[in-house]
>>> print(open('input.pdb').read())   # PDB, C-alpha atoms
ATOM      1  CA  MET A 298      20.816  27.953 -21.367
ATOM      2  CA  ASP A 299      21.345  24.929 -19.117
ATOM      3  CA  ILE A 300      22.113  22.093 -21.567
ATOM      4  CA  GLY A 301      21.477  19.548 -18.808
ATOM      5  CA  ALA A 302      18.004  20.975 -18.281
ATOM      6  CA  MET A 303      17.268  20.432 -21.969
ATOM      7  CA  ASP A 304      18.009  16.742 -21.540
ATOM      8  CA  ARG A 305      15.701  16.344 -18.537
ATOM      9  CA  ARG A 306      12.217  15.792 -19.883
ATOM     10  CA  GLU A 307       9.140  16.020 -17.702
ATOM     11  CA  ASP A 308       7.542  12.673 -16.937
ATOM     12  CA  LEU A 309       4.046  12.410 -18.386
ATOM     13  CA  ILE A 310       0.955  10.258 -18.213
ATOM     14  CA  GLU A 311      -0.436   9.914 -21.718
ATOM     15  CA  LEU A 312      -4.186   9.328 -21.419
ATOM     16  CA  LYS A 313      -6.035   9.338 -24.734
ATOM     17  CA  ASP A 314      -5.267  12.832 -26.134
ATOM     18  CA  LEU A 315      -4.017  14.266 -22.822
ATOM     19  CA  ARG A 316      -0.420  14.699 -21.666
ATOM     20  CA  ILE A 317      -0.520  15.017 -17.880
ATOM     21  CA  PRO A 318       2.615  15.792 -15.828
ATOM     22  CA  VAL A 319       3.435  13.166 -13.207
ATOM     23  CA  GLU A 320       3.207  14.403  -9.632
ATOM     24  CA  ARG A 321       4.083  11.169  -7.807
ATOM     25  CA  ALA A 322       5.435   7.768  -8.812
ATOM     26  CA  GLN A 323       6.582   5.008  -6.465
ATOM     27  CA  LEU A 324       6.966   1.316  -5.781
ATOM     28  CA  HIS A 325       6.323   0.067  -2.267
ATOM     29  CA  GLY A 326       6.737  -3.222  -0.409
ATOM     30  CA  TRP A 327       4.410  -4.178   2.412
ATOM     31  CA  LEU A 328       3.862  -7.117   4.721
ATOM     32  CA  TYR A 329       1.016  -7.383   7.255
ATOM     33  CA  GLU A 330       1.706 -10.200   9.670
ATOM     34  CA  ASP A 331      -1.914 -10.398  10.862
ATOM     35  CA  ALA A 332      -3.391 -10.562   7.327
ATOM     36  CA  GLY A 333      -1.902 -13.787   6.025
ATOM     37  CA  GLY A 334       1.676 -12.552   6.059
ATOM     38  CA  GLU A 335       2.177 -12.748   2.291
ATOM     39  CA  PRO A 336       4.663 -10.224   0.862
ATOM     40  CA  ARG A 337       3.043  -7.635  -1.375
ATOM     41  CA  TRP A 338       4.415  -5.151  -3.886
ATOM     42  CA  SER A 339       2.463  -2.086  -4.960
ATOM     43  CA  ILE A 340       2.788   0.669  -7.560
ATOM     44  CA  GLU A 341       1.296   4.147  -7.880
ATOM     45  CA  VAL A 342       1.643   6.832 -10.561
ATOM     46  CA  SER A 343      -0.385  10.010 -10.012
ATOM     47  CA  GLY A 344      -0.741  13.032 -12.263
ATOM     48  CA  ARG A 345      -1.333  16.703 -11.541
ATOM     49  CA  ALA A 346      -4.887  17.966 -11.397
ATOM     50  CA  GLN A 347      -6.390  18.278 -14.877
ATOM     51  CA  ARG A 348      -9.516  20.240 -15.798
ATOM     52  CA  PHE A 349     -12.318  18.043 -17.100
ATOM     53  CA  GLY A 350     -15.596  19.400 -18.421
ATOM     54  CA  ASP A 351     -16.892  22.916 -18.969
ATOM     55  CA  GLY A 352     -18.994  25.438 -17.097
ATOM     56  CA  ASP A 353     -20.850  24.214 -14.023
ATOM     57  CA  PHE A 354     -19.709  20.657 -14.677
ATOM     58  CA  ALA A 355     -15.983  21.409 -14.749
ATOM     59  CA  GLN A 356     -13.795  19.640 -12.192
ATOM     60  CA  ALA A 357     -10.090  19.450 -11.479
ATOM     61  CA  LEU A 358      -9.285  15.730 -11.339
ATOM     62  CA  SER A 359      -5.950  14.023 -10.674
ATOM     63  CA  PRO A 360      -5.583  10.680 -12.486
ATOM     64  CA  ARG A 361      -4.047   7.945 -10.345
ATOM     65  CA  PHE A 362      -2.931   4.615 -11.805
ATOM     66  CA  TYR A 363      -2.236   2.003  -9.160
ATOM     67  CA  ASP A 364      -2.092  -1.666  -8.225
ATOM     68  CA  GLU A 365      -1.947  -2.440  -4.505
ATOM     69  CA  SER A 366      -0.804  -6.019  -4.973
ATOM     70  CA  LEU A 367       1.220  -6.790  -8.080
ATOM     71  CA  PRO A 368       1.161 -10.517  -8.951
ATOM     72  CA  LEU A 369       4.845 -11.036  -8.126
ATOM     73  CA  ARG A 370       6.526 -13.742  -6.055
ATOM     74  CA  ILE A 371       9.903 -12.267  -5.191
ATOM     75  CA  GLY A 372      11.911 -12.042  -1.975
ATOM     76  CA  ASP A 373      13.988  -8.900  -2.403
ATOM     77  CA  TRP A 374      13.054  -5.436  -3.704
ATOM     78  CA  ARG A 375      15.990  -5.559  -6.135
ATOM     79  CA  GLU A 376      14.273  -8.486  -7.884
ATOM     80  CA  LEU A 377      11.686  -6.063  -9.222
ATOM     81  CA  GLU A 378      14.157  -5.634 -12.064
ATOM     82  CA  GLN A 379      12.921  -7.241 -15.313
ATOM     83  CA  GLN A 380       9.524  -8.175 -13.857
ATOM     84  CA  ARG A 381       6.461  -8.093 -16.094
ATOM     85  CA  CYS A 382       2.740  -8.148 -15.296
ATOM     86  CA  ARG A 383      -0.039  -8.447 -17.860
ATOM     87  CA  PHE A 384      -3.745  -8.206 -17.093
ATOM     88  CA  ARG A 385      -6.726  -8.436 -19.438
ATOM     89  CA  TRP A 386     -10.092  -8.028 -17.734
ATOM     90  CA  GLN A 387     -11.971 -10.492 -19.938
ATOM     91  CA  ASP A 388      -9.426 -13.212 -19.106
ATOM     92  CA  ASP A 389      -8.565 -12.444 -15.470
ATOM     93  CA  GLU A 390     -11.646 -10.874 -13.877
ATOM     94  CA  ASP A 391     -11.561 -13.490 -11.077
ATOM     95  CA  GLN A 392      -7.967 -12.637 -10.134
ATOM     96  CA  GLY A 393      -8.942 -10.971  -6.843
ATOM     97  CA  ASP A 394      -9.761  -7.678  -5.186
ATOM     98  CA  SER A 395      -6.498  -5.937  -6.065
ATOM     99  CA  LEU A 396      -6.400  -5.183  -9.773
ATOM    100  CA  PRO A 397      -4.608  -2.553 -11.875
ATOM    101  CA  THR A 398      -6.872   0.476 -11.568
ATOM    102  CA  LEU A 399      -7.346   4.085 -12.651
ATOM    103  CA  TYR A 400      -8.886   6.523 -10.218
ATOM    104  CA  LEU A 401     -10.183   9.572 -12.042
ATOM    105  CA  CYS A 402     -13.669  10.310 -10.751
ATOM    106  CA  SER A 403     -14.127   6.756  -9.470
ATOM    107  CA  HIS A 404     -12.026   3.602  -9.084
ATOM    108  CA  LEU A 405     -12.286   1.421 -12.204
ATOM    109  CA  SER A 406     -10.133  -1.590 -13.075
ATOM    110  CA  LEU A 407      -8.119  -1.338 -16.274
ATOM    111  CA  PRO A 408      -9.533  -3.451 -19.123
ATOM    112  CA  LEU A 409      -5.950  -4.012 -20.315
ATOM    113  CA  SER A 410      -2.705  -3.462 -18.424
ATOM    114  CA  GLU A 411       0.815  -4.345 -19.552
ATOM    115  CA  LEU A 412       3.464  -3.321 -17.028
ATOM    116  CA  SER A 413       7.189  -3.968 -17.191
ATOM    117  CA  LEU A 414       9.992  -2.959 -14.837
ATOM    118  CA  GLY A 415      13.280  -2.819 -16.672
ATOM    119  CA  ALA A 416      16.862  -2.126 -15.661
ATOM    120  CA  ARG A 417      17.594  -0.977 -12.120
ATOM    121  CA  ASP A 418      19.674   2.118 -11.381
ATOM    122  CA  GLY A 419      20.133   2.271  -7.628
ATOM    123  CA  ARG A 420      16.639   2.221  -6.210
ATOM    124  CA  ARG A 421      15.021   3.278  -9.504
ATOM    125  CA  PHE A 422      13.579   1.021 -12.184
ATOM    126  CA  ALA A 423      12.680   1.745 -15.799
ATOM    127  CA  LEU A 424       8.880   1.577 -15.917
ATOM    128  CA  ARG A 425       6.788   1.056 -19.029
ATOM    129  CA  TRP A 426       3.045   0.784 -18.393
ATOM    130  CA  THR A 427       0.530   0.744 -21.232
ATOM    131  CA  GLY A 428      -3.008  -0.441 -21.880
ATOM    132  CA  LEU A 429      -6.601   0.751 -21.826
ATOM    133  CA  ALA A 430      -8.344   2.696 -19.062
ATOM    134  CA  GLU A 431     -11.934   3.600 -18.264
ATOM    135  CA  ALA A 432     -13.555   6.436 -16.290
ATOM    136  CA  ASN A 433     -17.064   7.544 -15.377
ATOM    137  CA  TRP A 434     -16.764  11.017 -16.850
ATOM    138  CA  ASP A 435     -18.305  11.448 -20.291
ATOM    139  CA  GLU A 436     -18.247  10.008 -23.797
ATOM    140  CA  ASP A 437     -14.835  11.513 -24.505
ATOM    141  CA  TYR A 438     -13.252  10.292 -21.260
ATOM    142  CA  GLY A 439     -15.083   7.098 -20.541
ATOM    143  CA  ARG A 440     -14.432   3.756 -22.192
ATOM    144  CA  GLU A 441     -11.245   2.123 -23.516
ATOM    145  CA  MET A 442      -8.907   5.112 -23.361
ATOM    146  CA  PRO A 443      -5.343   4.232 -24.421
ATOM    147  CA  PHE A 444      -2.703   5.184 -21.870
ATOM    148  CA  ARG A 445       1.079   5.106 -21.666
ATOM    149  CA  ILE A 446       3.488   5.780 -18.788
ATOM    150  CA  GLU A 447       7.258   5.599 -19.240
ATOM    151  CA  LEU A 448       9.598   6.864 -16.528
ATOM    152  CA  GLN A 449      12.153   5.962 -13.869
ATOM    153  CA  ILE A 450      10.227   4.896 -10.771
ATOM    154  CA  PRO A 451      11.794   4.579  -7.296
ATOM    155  CA  PHE A 452      11.283   1.842  -4.736
ATOM    156  CA  VAL A 453      10.583   4.011  -1.685
ATOM    157  CA  GLU A 454      10.240   1.686   1.318
ATOM    158  CA  GLN A 455       9.485  -1.708   2.803
ATOM    159  CA  GLU A 456       6.754  -1.695   5.443
ATOM    160  CA  VAL A 457       6.168  -4.385   8.082
ATOM    161  CA  ARG A 458       3.021  -4.194  10.180
ATOM    162  CA  PHE A 459       2.776  -6.375  13.274
ATOM    163  CA  TRP A 460       1.507  -6.525  16.864
ATOM    164  CA  GLN A 461       3.987  -5.564  19.563
ATOM    165  CA  ARG A 462       4.226  -8.460  22.012
ATOM    166  CA  GLY A 463       5.767  -6.633  24.959
ATOM    167  CA  ASP A 464       6.971  -3.207  26.028
ATOM    168  CA  ASP A 465      10.604  -4.299  25.836
ATOM    169  CA  GLU A 466      10.328  -5.749  22.306
ATOM    170  CA  GLU A 467      12.905  -4.176  19.997
ATOM    171  CA  VAL A 468      11.027  -3.047  16.892
ATOM    172  CA  GLU A 469      13.756  -3.417  14.276
ATOM    173  CA  THR A 470      14.748  -6.896  15.488
ATOM    174  CA  ALA A 471      11.135  -8.073  15.513
ATOM    175  CA  ALA A 472      10.386  -6.620  12.067
ATOM    176  CA  ARG A 473      13.488  -8.190  10.507
ATOM    177  CA  ALA A 474      12.569 -11.567  12.002
ATOM    178  CA  ILE A 475       9.109 -11.320  10.422
ATOM    179  CA  LEU A 476      10.618 -10.433   7.041
ATOM    180  CA  ARG A 477      12.874 -13.465   7.104
ATOM    181  CA  LYS A 478      10.108 -15.746   8.362
ATOM    182  CA  ARG A 479       7.913 -14.712   5.430
ATOM    183  CA  GLY A 480      10.622 -15.295   2.821
ATOM    184  CA  LEU A 481      11.872 -11.724   2.360
ATOM    185  CA  SER A 482      15.538 -10.780   2.448
ATOM    186  CA  ASP A 483      16.418  -7.924   4.807
ATOM    187  CA  ALA A 484      20.045  -7.687   3.634
ATOM    188  CA  HIS A 485      19.434  -4.597   1.495
ATOM    189  CA  LEU A 486      17.133  -2.724   3.837
ATOM    190  CA  ARG A 487      18.035  -0.037   6.377
ATOM    191  CA  TYR A 488      15.675   0.445   9.312
ATOM    192  CA  ARG A 489      14.233   3.975   9.429
ATOM    193  CA  GLU A 490      11.444   4.305  11.996
ATOM    194  CA  TYR A 491       8.218   2.891  13.370
ATOM    195  CA  ARG A 492       4.793   4.362  13.993
ATOM    196  CA  ARG A 493       1.965   3.151  16.133
ATOM    197  CA  PHE A 494      -1.324   2.574  14.374
ATOM    198  CA  ARG A 495      -2.966   4.517  17.222
ATOM    199  CA  ASP A 496      -1.166   6.811  19.671
ATOM    200  CA  ASP A 497      -3.625   6.347  22.528
ATOM    201  CA  PRO A 498      -2.445   3.582  24.945
ATOM    202  CA  GLY A 499      -6.082   2.890  25.731
ATOM    203  CA  ASP A 500      -6.941   2.170  22.103
ATOM    204  CA  GLU A 501      -7.185  -1.486  21.068
ATOM    205  CA  HIS A 502      -4.838  -0.822  18.139
ATOM    206  CA  TYR A 503      -2.139   0.865  20.212
ATOM    207  CA  ARG A 504       0.208  -2.130  19.922
ATOM    208  CA  LEU A 505      -0.164  -2.447  16.167
ATOM    209  CA  LEU A 506       3.139  -1.144  14.782
ATOM    210  CA  ARG A 507       4.223  -0.054  11.322
ATOM    211  CA  ALA A 508       7.985  -0.480  10.850
ATOM    212  CA  PHE A 509       9.617   1.170   7.825
ATOM    213  CA  PHE A 510      12.851   0.264   6.042
ATOM    214  CA  ASP A 511      14.653   2.240   3.329
ATOM    215  CA  PRO A 512      16.212   0.404   0.378
ATOM    216  CA  VAL A 513      19.998   0.104   0.409
ATOM    217  CA  GLU A 514      21.210   0.572  -3.149
TER     218      GLU A 514
END
>>> encode(input="input.pdb", output="C-alpha cells")
Amino acid sequence: MDIGAMDRREDLIELKDLRIPVERAQLHGWLYEDAGGEPRWSIEVSGRAQRFGDGDFAQALSPRFYDESLPLRIGDWRELEQQRCRFRWQDDEDQGDSLPTLYLCSHLSLPLSELSLGARDGRRFALRWTGLAEANWDEDYGREMPFRIELQIPFVEQEVRFWQRGDDEEVETAARAILRKRGLSDAHLRYREYRRFRDDPGDEHYRLLRAFFDPVE
C-alpha cells in the first residue's frame, strides 16, 4: 500500500450531514479598468454533483460556495496570507451586491460566513471557511445549514481587463502599468496571455482585452 496515499485525504465540503468531495477550489484576482478600477479578490469552492431528493423530484446538484469580491484592501496576492473576513447577514445586509453565497439550486447569500486564509505555501493558502448556508430545496436542505470547508486553496491568476488604445499597444506593458496605477504590485506576477472579449473586429467589444498573469511563488 502507498503510505503517502494514506496521508493524502480528499478535500470535502461539509454541508449539514453531507460530506461532498471538492471538485474545484481557487482564489482569483481581477481588475477591470473601465468599472472603477478597484482591485478585487474572489474565492470559489465547488463540490461534485450530489443527488438531492427522490423519485421524480431527484436532481444532481453541485454546491458552489463563492464570493466575487472579498472585502480586502491588499496590493499583492501574497498578502492574502493571514487575511480574515466575517459576514453576518443581519449586521451587514447593506454591504453590497457581492456577498458570500451558496449556489445549490439558486444563489442565496450566507446568513453567516467566517473565512480565514492562513499560512502560505507557494501559491497555496490554508483555507478555513465555516458558517451557515441556505438553499431553496426542502425542509432538510433549506435554512441555516452548518457548513465547513478546510483545505489548501491556490491563487490561480491575476486578471486585468482594459480597452486596447491602439494596434501597436503592447499588452503586457499596458496591463502592468494599469496594475501599478491601481495600487497593485506586479513584482510577483508572470505574464501568461491575453484574450479579446470578442474575436470579431467589427464587434464593439473587440478592443476589450483580458490579460492574465500567473503568480510567481
>>> closest_residue(input="input.pdb", among="A:Gly334, A:Gln379, A:Ser339, A:Trp386", to="Leu367 (chain A)", atoms="all atoms listed in the file")
A:Ser339
>>> atom_distance(input="input.pdb", atom1="CA of Arg492 (chain A)", atom2="CA of Arg507 (chain A)")
5.2 Å
>>> closest_residue(input="input.pdb", among="A:Leu315, A:Ile450, A:Ile340, A:Ala432", to="Glu365 (chain A)", atoms="only C-alpha atoms")
A:Ile340
>>> resolve_selection(input="input.pdb", expression="the PyMOL selection byres ((chain A and resi 326) around 7)", output="mmCIF file with C-alpha atoms, keeping the file's coordinate frame")
data_model
loop_
_atom_site.group_PDB
_atom_site.id
_atom_site.type_symbol
_atom_site.label_atom_id
_atom_site.label_comp_id
_atom_site.auth_asym_id
_atom_site.auth_seq_id
_atom_site.Cartn_x
_atom_site.Cartn_y
_atom_site.Cartn_z
ATOM 1 C CA HIS A 325 6.323 0.067 -2.267
ATOM 2 C CA TRP A 327 4.410 -4.178 2.412
ATOM 3 C CA ARG A 337 3.043 -7.635 -1.375
ATOM 4 C CA TRP A 338 4.415 -5.151 -3.886
ATOM 5 C CA SER A 339 2.463 -2.086 -4.960
ATOM 6 C CA GLU A 454 10.240 1.686 1.318
ATOM 7 C CA GLN A 455 9.485 -1.708 2.803
ATOM 8 C CA GLU A 456 6.754 -1.695 5.443
#
>>> closest_residue(input="input.pdb", among="A:Trp434, A:Trp426, A:Phe384, A:Tyr503", to="Ala355 (chain A)", atoms="all atoms listed in the file")
A:Trp434
>>> resolve_selection(input="input.pdb", expression="the PyMOL selection byres ((chain A and resi 475-477) around 10)", output="list of chain:residue names")
A:Trp327, A:Leu328, A:Tyr329, A:Glu330, A:Gly334, A:Glu335, A:Pro336, A:Gly372, A:Gln455, A:Glu456, A:Val457, A:Arg458, A:Phe459, A:Glu469, A:Thr470, A:Ala471, A:Ala472, A:Arg473, A:Ala474, A:Lys478, A:Arg479, A:Gly480, A:Leu481, A:Ser482, A:Asp483, A:Ala484
>>> write_last_selection(input="input.pdb", atoms="C-alpha atoms", output="PDB file, in the coordinates of the input")
ATOM      1  CA  TRP A 327       4.410  -4.178   2.412  1.00  0.00           C
ATOM      2  CA  LEU A 328       3.862  -7.117   4.721  1.00  0.00           C
ATOM      3  CA  TYR A 329       1.016  -7.383   7.255  1.00  0.00           C
ATOM      4  CA  GLU A 330       1.706 -10.200   9.670  1.00  0.00           C
ATOM      5  CA  GLY A 334       1.676 -12.552   6.059  1.00  0.00           C
ATOM      6  CA  GLU A 335       2.177 -12.748   2.291  1.00  0.00           C
ATOM      7  CA  PRO A 336       4.663 -10.224   0.862  1.00  0.00           C
ATOM      8  CA  GLY A 372      11.911 -12.042  -1.975  1.00  0.00           C
ATOM      9  CA  GLN A 455       9.485  -1.708   2.803  1.00  0.00           C
ATOM     10  CA  GLU A 456       6.754  -1.695   5.443  1.00  0.00           C
ATOM     11  CA  VAL A 457       6.168  -4.385   8.082  1.00  0.00           C
ATOM     12  CA  ARG A 458       3.021  -4.194  10.180  1.00  0.00           C
ATOM     13  CA  PHE A 459       2.776  -6.375  13.274  1.00  0.00           C
ATOM     14  CA  GLU A 469      13.756  -3.417  14.276  1.00  0.00           C
ATOM     15  CA  THR A 470      14.748  -6.896  15.488  1.00  0.00           C
ATOM     16  CA  ALA A 471      11.135  -8.073  15.513  1.00  0.00           C
ATOM     17  CA  ALA A 472      10.386  -6.620  12.067  1.00  0.00           C
ATOM     18  CA  ARG A 473      13.488  -8.190  10.507  1.00  0.00           C
ATOM     19  CA  ALA A 474      12.569 -11.567  12.002  1.00  0.00           C
ATOM     20  CA  LYS A 478      10.108 -15.746   8.362  1.00  0.00           C
ATOM     21  CA  ARG A 479       7.913 -14.712   5.430  1.00  0.00           C
ATOM     22  CA  GLY A 480      10.622 -15.295   2.821  1.00  0.00           C
ATOM     23  CA  LEU A 481      11.872 -11.724   2.360  1.00  0.00           C
ATOM     24  CA  SER A 482      15.538 -10.780   2.448  1.00  0.00           C
ATOM     25  CA  ASP A 483      16.418  -7.924   4.807  1.00  0.00           C
ATOM     26  CA  ALA A 484      20.045  -7.687   3.634  1.00  0.00           C
TER      27      ALA A 484
END
>>> atom_distance(input="input.pdb", atom1="CA of Glu447 (chain A)", atom2="CA of Arg385 (chain A)")
19.8 Å
>>> resolve_selection(input="input.pdb", expression="the PyMOL selection byres ((chain A and resi 407) around 9)", output="list in words")
Phe384, Arg385, Trp386, Leu396, Pro397, Thr398, Leu399, Leu405, Ser406, Pro408, Leu409, Ser410, Gly428, Leu429, Ala430, Glu431 and Glu441 of chain A
>>> closest_residue(input="input.pdb", among="A:Arg495, A:Arg504, A:Arg420, A:Arg316", to="Pro360 (chain A)", atoms="all atoms listed in the file")
A:Arg316
>>> atom_distance(input="input.pdb", atom1="CA of Arg375 (chain A)", atom2="CA of Ile317 (chain A)")
28.9 Å
>>> residues_near_point(input="input.pdb", point="(14.7, 1.4, 1.1)", cutoff="10 Å", atoms="all atoms listed in the file", output="PDB file with C-alpha atoms, in the coordinates of the input")
ATOM      1  CA  HIS A 325       6.323   0.067  -2.267  1.00  0.00           C
ATOM      2  CA  GLY A 326       6.737  -3.222  -0.409  1.00  0.00           C
ATOM      3  CA  TRP A 374      13.054  -5.436  -3.704  1.00  0.00           C
ATOM      4  CA  ARG A 420      16.639   2.221  -6.210  1.00  0.00           C
ATOM      5  CA  PRO A 451      11.794   4.579  -7.296  1.00  0.00           C
ATOM      6  CA  PHE A 452      11.283   1.842  -4.736  1.00  0.00           C
ATOM      7  CA  VAL A 453      10.583   4.011  -1.685  1.00  0.00           C
ATOM      8  CA  GLU A 454      10.240   1.686   1.318  1.00  0.00           C
ATOM      9  CA  GLN A 455       9.485  -1.708   2.803  1.00  0.00           C
ATOM     10  CA  GLU A 456       6.754  -1.695   5.443  1.00  0.00           C
ATOM     11  CA  HIS A 485      19.434  -4.597   1.495  1.00  0.00           C
ATOM     12  CA  LEU A 486      17.133  -2.724   3.837  1.00  0.00           C
ATOM     13  CA  ARG A 487      18.035  -0.037   6.377  1.00  0.00           C
ATOM     14  CA  TYR A 488      15.675   0.445   9.312  1.00  0.00           C
ATOM     15  CA  ARG A 489      14.233   3.975   9.429  1.00  0.00           C
ATOM     16  CA  PHE A 509       9.617   1.170   7.825  1.00  0.00           C
ATOM     17  CA  PHE A 510      12.851   0.264   6.042  1.00  0.00           C
ATOM     18  CA  ASP A 511      14.653   2.240   3.329  1.00  0.00           C
ATOM     19  CA  PRO A 512      16.212   0.404   0.378  1.00  0.00           C
ATOM     20  CA  VAL A 513      19.998   0.104   0.409  1.00  0.00           C
ATOM     21  CA  GLU A 514      21.210   0.572  -3.149  1.00  0.00           C
TER      22      GLU A 514
END
>>> residues_near_point(input="input.pdb", point="(5.6, 1.8, -21.3)", cutoff="12 Å", atoms="all atoms listed in the file", output="PDB file with C-alpha atoms, keeping the file's coordinate frame")
ATOM      1  CA  ASP A 308       7.542  12.673 -16.937  1.00  0.00           C
ATOM      2  CA  LEU A 309       4.046  12.410 -18.386  1.00  0.00           C
ATOM      3  CA  ILE A 310       0.955  10.258 -18.213  1.00  0.00           C
ATOM      4  CA  GLU A 311      -0.436   9.914 -21.718  1.00  0.00           C
ATOM      5  CA  ARG A 381       6.461  -8.093 -16.094  1.00  0.00           C
ATOM      6  CA  CYS A 382       2.740  -8.148 -15.296  1.00  0.00           C
ATOM      7  CA  SER A 410      -2.705  -3.462 -18.424  1.00  0.00           C
ATOM      8  CA  GLU A 411       0.815  -4.345 -19.552  1.00  0.00           C
ATOM      9  CA  LEU A 412       3.464  -3.321 -17.028  1.00  0.00           C
ATOM     10  CA  SER A 413       7.189  -3.968 -17.191  1.00  0.00           C
ATOM     11  CA  LEU A 414       9.992  -2.959 -14.837  1.00  0.00           C
ATOM     12  CA  GLY A 415      13.280  -2.819 -16.672  1.00  0.00           C
ATOM     13  CA  ALA A 423      12.680   1.745 -15.799  1.00  0.00           C
ATOM     14  CA  LEU A 424       8.880   1.577 -15.917  1.00  0.00           C
ATOM     15  CA  ARG A 425       6.788   1.056 -19.029  1.00  0.00           C
ATOM     16  CA  TRP A 426       3.045   0.784 -18.393  1.00  0.00           C
ATOM     17  CA  THR A 427       0.530   0.744 -21.232  1.00  0.00           C
ATOM     18  CA  GLY A 428      -3.008  -0.441 -21.880  1.00  0.00           C
ATOM     19  CA  PRO A 443      -5.343   4.232 -24.421  1.00  0.00           C
ATOM     20  CA  PHE A 444      -2.703   5.184 -21.870  1.00  0.00           C
ATOM     21  CA  ARG A 445       1.079   5.106 -21.666  1.00  0.00           C
ATOM     22  CA  ILE A 446       3.488   5.780 -18.788  1.00  0.00           C
ATOM     23  CA  GLU A 447       7.258   5.599 -19.240  1.00  0.00           C
ATOM     24  CA  LEU A 448       9.598   6.864 -16.528  1.00  0.00           C
ATOM     25  CA  GLN A 449      12.153   5.962 -13.869  1.00  0.00           C
ATOM     26  CA  ILE A 450      10.227   4.896 -10.771  1.00  0.00           C
TER      27      ILE A 450
END
>>> closest_residue(input="input.pdb", among="A:His502, A:Arg421, A:Arg462, A:Arg493", to="Leu324 (chain A)", atoms="only C-alpha atoms")
A:Arg421
